[in-house]
Every structure is written in C-alpha cells, then in structure tokens.
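Dropping model_12.txt in here (compact mmCIF, C-alpha atoms):
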```txt
# COMPACT_ATOMS: atom_id res chain seq x y z
CA MET U 1 0.00 0.00 0.00
CA ALA U 2 1.29 3.45 -0.94
CA LEU U 3 2.37 5.77 1.83
CA LYS U 4 0.03 8.77 1.95
CA ILE U 5 1.64 12.17 2.48
CA GLY U 6 0.30 15.71 2.63
CA GLN U 7 1.20 18.69 0.47
CA LEU U 8 0.34 22.34 1.09
CA SER U 9 -2.14 23.90 -1.31
CA TYR U 10 -0.45 27.31 -1.00
CA ILE U 11 2.37 28.21 -3.38
CA SER U 12 4.70 28.40 -0.37
CA GLY U 13 4.60 24.60 -0.40
CA LEU U 14 5.56 24.28 -4.07
CA PRO U 15 9.35 24.12 -3.57
CA ILE U 16 8.82 20.79 -1.81
CA SER U 17 5.67 19.45 -3.46
CA TYR U 18 6.85 20.15 -7.03
CA ALA U 19 9.15 17.13 -7.19
CA PHE U 20 6.39 14.84 -5.93
CA GLU U 21 3.74 16.29 -8.24
CA HIS U 22 5.92 16.10 -11.36
CA GLY U 23 7.48 12.67 -10.85
CA LEU U 24 11.01 13.98 -10.32
CA LEU U 25 11.72 11.47 -7.55
CA GLY U 26 11.35 8.44 -9.79
CA ASP U 27 8.94 5.56 -9.32
CA VAL U 28 8.07 6.00 -5.63
CA ASP U 29 5.14 4.35 -3.89
CA ILE U 30 3.66 7.62 -2.57
CA GLU U 31 0.16 9.07 -2.68
CA SER U 32 -0.05 12.84 -2.23
CA VAL U 33 -2.99 14.65 -0.63
CA THR U 34 -3.20 18.43 -1.00
CA GLY U 35 -4.82 20.61 1.65
CA TYR U 36 -4.85 23.80 3.68
CA PRO U 37 -2.71 23.86 6.85
CA ASP U 38 -5.63 23.08 9.17
CA GLU U 39 -6.72 20.18 6.96
CA LEU U 40 -3.24 18.63 6.94
CA ASP U 41 -2.94 19.16 10.71
CA ALA U 42 -6.23 17.34 11.27
CA MET U 43 -5.29 14.43 9.01
CA MET U 44 -1.93 14.04 10.72
CA ALA U 45 -3.58 14.20 14.16
CA ARG U 46 -5.93 11.40 13.10
CA GLY U 47 -3.05 9.33 11.75
CA GLU U 48 -4.37 9.45 8.17
CA LEU U 49 -1.07 10.69 6.69
CA ALA U 50 2.38 9.19 7.10
CA ALA U 51 4.01 12.59 6.71
CA ALA U 52 3.05 16.17 5.92
CA PRO U 53 3.93 19.82 6.38
CA ILE U 54 2.19 20.66 9.66
CA SER U 55 1.75 23.94 11.45
CA SER U 56 4.14 24.87 14.24
CA LEU U 57 1.11 25.05 16.51
CA GLU U 58 0.09 21.45 15.71
CA TYR U 59 3.61 20.23 16.40
CA MET U 60 3.83 22.06 19.72
CA ARG U 61 0.43 20.73 20.80
CA ARG U 62 1.23 17.09 19.99
CA ASP U 63 5.00 16.83 19.64
CA ASP U 64 4.99 13.32 21.11
CA ARG U 65 3.04 12.09 18.06
CA TYR U 66 5.48 13.37 15.44
CA THR U 67 9.10 13.07 14.36
CA LEU U 68 10.44 16.12 12.59
CA ILE U 69 12.11 15.70 9.22
CA PRO U 70 15.55 17.30 9.64
CA ASP U 71 16.69 20.55 8.05
CA ILE U 72 13.36 21.66 6.59
CA SER U 73 10.64 24.11 7.53
CA ILE U 74 8.85 27.06 6.00
CA GLY U 75 9.49 30.39 7.63
CA SER U 76 11.22 33.71 7.20
CA TRP U 77 13.94 35.96 8.55
CA GLY U 78 11.62 38.95 8.50
CA ARG U 79 8.85 39.77 6.08
CA MET U 80 6.85 36.76 4.86
CA GLY U 81 4.64 38.38 2.26
CA SER U 82 1.78 35.94 2.88
CA THR U 83 0.76 36.55 6.50
CA ILE U 84 -0.63 40.07 6.62
CA LEU U 85 -2.91 41.86 9.04
CA PHE U 86 -4.96 44.46 7.16
CA GLY U 87 -6.83 47.26 8.91
CA ARG U 88 -9.06 50.23 8.28
CA GLU U 89 -7.99 51.95 11.49
CA PRO U 90 -4.79 51.96 13.58
CA PHE U 91 -4.14 48.60 15.22
CA ALA U 92 -3.50 50.35 18.56
CA LYS U 93 -7.22 51.22 18.58
CA LEU U 94 -8.39 47.60 18.47
CA GLN U 95 -9.09 47.43 22.20
CA GLY U 96 -12.31 45.47 22.64
CA GLN U 97 -12.91 45.29 18.88
CA THR U 98 -13.25 42.13 16.80
CA VAL U 99 -10.50 41.00 14.42
CA ALA U 100 -11.23 38.49 11.66
CA LEU U 101 -8.89 35.49 11.54
CA PRO U 102 -8.70 32.92 8.73
CA PRO U 103 -10.13 29.46 9.44
CA HIS U 104 -7.19 27.71 7.76
CA GLY U 105 -4.16 29.10 9.64
CA ALA U 106 -3.98 28.36 13.35
CA THR U 107 -0.28 29.25 13.71
CA THR U 108 -0.48 32.66 12.07
CA SER U 109 -3.74 33.40 13.87
CA ALA U 110 -2.02 32.66 17.18
CA LEU U 111 0.90 34.86 16.13
CA ALA U 112 -1.49 37.69 15.26
CA ARG U 113 -3.16 37.45 18.66
CA TRP U 114 0.20 37.56 20.44
CA LEU U 115 1.53 40.44 18.32
CA ILE U 116 -1.60 42.58 18.77
CA SER U 117 -1.27 42.15 22.52
CA ARG U 118 2.54 42.52 22.59
CA LEU U 119 3.07 45.34 20.09
CA TYR U 120 0.00 47.43 20.68
CA GLY U 121 -0.92 46.57 24.26
CA VAL U 122 -4.58 46.00 23.43
CA GLU U 123 -6.94 43.13 24.13
CA ALA U 124 -9.00 42.52 21.02
CA LYS U 125 -11.68 39.94 20.32
CA PHE U 126 -11.21 37.39 17.56
CA VAL U 127 -13.52 35.49 15.23
CA GLU U 128 -12.91 33.12 12.35
CA ALA U 129 -14.20 34.55 9.09
CA GLU U 130 -13.36 34.31 5.41
CA GLY U 131 -14.18 36.24 2.27
CA THR U 132 -12.64 38.97 0.19
CA LEU U 133 -10.60 41.60 1.98
CA GLU U 134 -13.16 44.22 1.03
CA ALA U 135 -15.99 42.15 2.52
CA LEU U 136 -14.07 41.40 5.71
CA LEU U 137 -13.12 45.02 6.32
CA SER U 138 -16.68 46.13 5.74
CA GLN U 139 -17.58 44.10 8.82
CA TYR U 140 -14.43 44.14 10.97
CA PRO U 141 -11.82 46.83 11.71
CA ALA U 142 -8.97 44.41 10.94
CA ALA U 143 -8.56 41.08 9.16
CA LEU U 144 -5.69 38.63 8.89
CA LEU U 145 -5.11 37.06 5.48
CA ILE U 146 -2.69 34.23 4.85
CA GLY U 147 -1.29 32.19 1.99
CA ASP U 148 -2.16 32.86 -1.62
CA GLN U 149 -5.04 35.19 -0.76
CA ALA U 150 -2.71 37.47 1.20
CA ILE U 151 -0.28 37.63 -1.73
CA VAL U 152 -3.04 38.53 -4.18
CA GLU U 153 -4.69 41.13 -1.94
CA ALA U 154 -1.42 42.77 -0.90
CA ARG U 155 -0.56 43.69 -4.48
CA LYS U 156 -3.76 45.67 -5.00
CA PRO U 157 -2.72 49.33 -4.72
CA GLY U 158 -4.45 51.82 -2.51
CA GLU U 159 -7.24 49.63 -1.11
CA VAL U 160 -5.98 49.37 2.47
CA ALA U 161 -3.45 51.80 3.89
CA LEU U 162 -2.81 49.85 7.10
CA ARG U 163 -1.08 46.50 6.92
CA LEU U 164 1.26 44.55 9.18
CA ASP U 165 3.40 41.70 7.88
CA LEU U 166 3.52 39.27 10.80
CA GLY U 167 6.92 37.87 9.86
CA GLU U 168 8.45 41.33 9.85
CA ALA U 169 6.76 42.23 13.14
CA TRP U 170 8.06 39.03 14.78
CA TRP U 171 11.59 39.69 13.53
CA GLN U 172 11.60 43.28 14.81
CA ALA U 173 10.40 42.10 18.21
CA MET U 174 12.47 38.92 18.63
CA HIS U 175 15.38 38.96 16.10
CA VAL U 176 15.02 35.26 15.36
CA PRO U 177 13.34 33.62 12.36
CA PHE U 178 9.69 32.73 12.52
CA VAL U 179 8.78 29.13 11.63
CA HIS U 180 5.17 28.57 10.66
CA THR U 181 5.39 25.11 9.02
CA LEU U 182 7.40 21.98 9.83
CA TRP U 183 7.69 18.73 7.90
CA ALA U 184 7.00 15.75 10.13
CA THR U 185 6.30 12.02 10.01
CA GLN U 186 4.18 9.98 12.36
CA ALA U 187 6.43 8.98 15.26
CA ASP U 188 5.17 5.40 15.22
CA LEU U 189 6.06 4.74 11.59
CA PRO U 190 8.42 1.81 11.03
CA ARG U 191 12.00 3.07 10.93
CA GLU U 192 12.49 2.05 7.29
CA GLN U 193 9.41 3.95 6.14
CA ARG U 194 10.34 7.03 8.14
CA GLN U 195 13.86 7.05 6.72
CA HIS U 196 12.48 6.62 3.21
CA LEU U 197 10.25 9.68 3.65
CA VAL U 198 13.09 11.72 5.12
CA GLU U 199 15.23 10.93 2.08
CA LEU U 200 12.43 11.77 -0.37
CA VAL U 201 11.69 15.14 1.21
CA ALA U 202 15.41 15.98 1.34
CA ARG U 203 15.71 15.14 -2.37
CA ALA U 204 12.62 17.22 -3.16
CA LYS U 205 14.17 20.18 -1.36
CA GLU U 206 17.40 19.85 -3.34
CA LEU U 207 15.53 19.47 -6.63
CA SER U 208 13.68 22.71 -5.94
CA LYS U 209 16.95 24.55 -6.55
CA VAL U 210 17.43 22.84 -9.91
CA HIS U 211 13.83 23.45 -10.98
CA HIS U 212 13.42 26.89 -9.46
CA GLU U 213 12.36 28.57 -12.70
CA GLU U 214 9.69 25.95 -13.37
CA ILE U 215 8.38 26.31 -9.80
CA VAL U 216 8.16 30.08 -10.19
CA ALA U 217 6.37 29.66 -13.52
CA GLU U 218 3.81 27.26 -12.03
CA ALA U 219 3.15 29.56 -9.07
CA SER U 220 2.83 32.51 -11.44
CA ALA U 221 0.23 30.65 -13.51
CA ARG U 222 -1.72 29.55 -10.43
CA LEU U 223 -2.09 33.06 -9.02
CA GLU U 224 -2.00 34.91 -12.35
CA ILE U 225 0.79 37.11 -11.01
CA PRO U 226 3.94 38.06 -12.97
CA ALA U 227 6.87 35.71 -12.44
CA GLU U 228 9.11 38.48 -11.12
CA GLU U 229 6.66 39.10 -8.26
CA ILE U 230 6.57 35.39 -7.46
CA GLU U 231 10.38 35.36 -7.53
CA ALA U 232 10.42 38.21 -5.02
CA TYR U 233 7.95 36.35 -2.80
CA PHE U 234 9.98 33.12 -2.75
CA ALA U 235 13.07 35.18 -1.88
CA LEU U 236 11.39 36.10 1.41
CA LEU U 237 10.86 32.50 2.48
CA ASN U 238 13.36 30.20 4.13
CA TYR U 239 13.14 26.41 3.97
CA ASP U 240 15.88 25.48 6.44
CA PHE U 241 15.56 24.39 10.06
CA THR U 242 18.70 25.30 11.95
CA PRO U 243 19.36 25.69 15.68
CA VAL U 244 18.33 29.35 15.37
CA HIS U 245 15.01 28.28 13.82
CA ARG U 246 14.55 25.91 16.76
CA GLN U 247 15.21 28.80 19.12
CA GLY U 248 12.55 30.91 17.42
CA LEU U 249 10.09 28.01 17.56
CA ALA U 250 10.75 27.47 21.26
CA MET U 251 10.31 31.18 22.01
CA PHE U 252 7.00 31.23 20.14
CA GLY U 253 5.86 28.19 22.07
CA ASP U 254 6.69 29.84 25.39
CA TYR U 255 4.68 32.94 24.49
CA LEU U 256 1.71 30.90 23.33
CA GLU U 257 1.78 28.91 26.56
CA GLU U 258 1.75 32.17 28.55
CA MET U 259 -1.37 33.22 26.63
CA SER U 260 -2.98 29.76 27.00
CA LEU U 261 -3.05 29.34 23.20
CA LEU U 262 -1.52 25.85 23.13
CA ALA U 263 -4.57 24.09 24.54
```
Since I need it in another form, could you write the structure as structure tokens?
Amino acid sequence: MALKIGQLSYISGLPISYAFEHGLLGDVDIESVTGYPDELDAMMARGELAAAPISSLEYMRRDDRYTLIPDISIGSWGRMGSTILFGREPFAKLQGQTVALPPHGATTSALARWLISRLYGVEAKFVEAEGTLEALLSQYPAALLIGDQAIVEARKPGEVALRLDLGEAWWQAMHVPFVHTLWATQADLPREQRQHLVELVARAKELSKVHHEEIVAEASARLEIPAEEIEAYFALLNYDFTPVHRQGLAMFGDYLEEMSLLA
C-alpha cells in the first residue's frame, strides 16, 4: 500500500511538493494529498497521513506524536509576504474590537493574537471569518489574510493603507526567524518507512533549486501574477531548520503557553 503524504495547497509549499507532483523522484510508492494547513494538521492528528507539512502550533500541541524531518521548515527571517494583518484603522485602537482570523491558519492566527497584545498593548476579540478583503473590512476593523489570498490582496494598490506583515513584526520584536510550518512524520512509523520519507523530502528540497524557474512559472500561472513578483515572494521564504530556527520556535511556544493558546 502506498504511503500517503500531505502537500500544502499554498504556493509556499511548491518548492517541496513540485518534485512529488511532477514525478522527479522516480517511481516512488507515494500518494499525495493536498490541503490547507488546518486540513493537513487534522489528518496528521488522526493518523491518516504518514508525513506532511504541519503547522508549528500542531507540532507544539502534539509533539509526542510526530518526528520532525531534519533541516526543513517554512518560515522567514523577517517579512513573509503571505501573512498580513490588514486594517481600516490603527491597530492600537483595536481594544475590545473584533479581528477576523482565517479558518485555515492556526499558527499565524495565534501569532497575530500575540503580536496585537505585545506590540500594541490592546486586548481585542477574535472570530474566524473568510471572504474577500473588502468584505471582511466592511464588517471588521482588521482582518488577517494568509497564503495565496494574502499575496493577491497585498498587491492591490491603494485599497488598504494599514497592513502589518507578521513575519516582519516578529523579527523586529524577537530577532530570530519565525517558523510557521514543519515537515513531520508519524512517530510510530516503522523506521524504514520514516527514513524513506526523510530521504524523499530531502531530495525534493534539493531538486527545488534545480527546478526553481519551473516552480516560479507554475506559481505565477496559479495566481495569475507576474513571475518576477513570485520570484520576489519566494526570496522572502526560508526552507531550512537550523538551531536558530529551533530557538525561534521554542520562544514562540513559550509565548503561546503564557497566553494559554496551546490548549
């Protein structure tokens, strides 16, 4: 039976998923399932996937269930370009007001809640909501967008004057990279299967460098955005997982625990 693995539906996942989707790894007995972060988290939590990119929040909540694949994550050393808080009034005036959070991004939603409290010293209310940016801001004073939608909305000129890139805000506050996605396998997988998946993901990461232009072209076609803008977006992201990334992850976990957001 083929091992079932998850792949992110956002273009941020393409540098890893591209090799799997286009058969660059040879004849491997793998079945790929594409989903949003919350969908992949849920499938991993239920044991339905052998491996997947999972949110940092999912890993911190159930780290005993997973084994991290070495040297790979998705994060940034500053601006991310795809995790943006948009507002129609200053964020420091959000005291007691309701902020819209996306239903598909638990990690970035938790980061937004911590940053609003930490940077602006206000206690806002939060609700999950989705729709166009225009529709969200007609109902709420601020809205967090993530993934492909954030990239598309951020390039529209003049619609929203106030925006906060969460990756940049985290970097300015903490001076360590922010890690929002980790690749992990089920901890109870047989050793041979786990090692096989580790090797495949490592090869996929290396192949992303060789096929970078094709990956940019595919992402450009998906979002109908010029390739040079996609190139600039990918330049913001980091796919490594070094000791400094681990430090940033641990710091984020400590702050979330203080705010009781790990439950």
Non-local contacts of segment 243-247 of chain U (12 Å; all atoms listed in the file; under 5 positions in same chain excluded) as a list in words: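 Result of the neighbour search: Ser56, Met60, Leu68, Pro70, Asp71, Ile72, Ser73, Ile74, Gly75, Ser76, Trp77, Trp171, Met174, His175, Val176, Pro177, Phe178, Val179, His180, Thr181, Leu182, Asn238, Phe252, Gly253 and Asp254 of chain U.
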Which segment 124-185 of chain U residues have any atom within 8 Å of an atom of segment 105-115 of chain U, and for each, what is the nearest pair of atoms with distance in Å to one decimal, counting only C-alpha atoms, rows sorted by chain and number, as CSV?
```
residue,atom,partner,partner_atom,distance
U:Leu144,CA,U:Ser109,CA,7.5
U:Ile146,CA,U:Gly105,CA,7.2
U:Leu166,CA,U:Ala112,CA,6.9
U:Ala169,CA,U:Leu115,CA,7.6
U:Trp170,CA,U:Leu115,CA,7.6
U:His180,CA,U:Thr107,CA,6.3
```
For a test of reading the model, state the distance in Å between atom CA of Ala135 of chain U and atom CA of Glu153 of chain U, rounded to one decimal.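 Those two atoms sit 12.2 Å apart.
Counting from atom CA of Ile225 of chain U, the distance to atom CA of Leu207 of chain U is 23.4 Å.
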Exercise: Leu25 of chain U partners within 12 Å, only C-alpha atoms, chain neighbours under 3 positions left out, as a count of residues only: 22
Can you work out the spacing between atom CA of Gly6 of chain U and atom CA of Ser32 of chain U in Å, to one decimal?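 So the two atoms, atom CA of Gly6 of chain U and atom CA of Ser32 of chain U, lie 5.7 Å apart.
Counting all atoms listed in the file and comparing U:Ser9, U:Gln149, U:Gln172, U:Ser260, the residue that lies closest to Ser82 of chain U is U:Gln149.
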Within 9 Å of Val33 of chain U, counting only C-alpha atoms, which residues show up once you throw out same-chain ones fewer than 2 positions away? Write them as a ChimeraX atom specification, please. /U:4-8,31,35,40,49
Between U:Gly121, U:Lys209, U:Glu192, U:Gly81, which is the closest to Gly147 of chain U once you count only C-alpha atoms?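 For Gly147 of chain U, the nearest of the candidates is U:Gly81.
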Provide an axis-aligned box for all listed atoms of segment 180-194 of chain U, padding each side by 5 Å; report its centre and its edge lengths in Å to one decimal, as JSON.
```
{"center_x": 8.3, "center_y": 15.2, "center_z": 10.7, "size_x": 18.3, "size_y": 36.8, "size_z": 19.1}
```
Counting only C-alpha atoms, which residue out of U:Ala50, U:Asp240, U:Pro141, U:Leu94 sits closest to Ala2 of chain U? U:Ala50
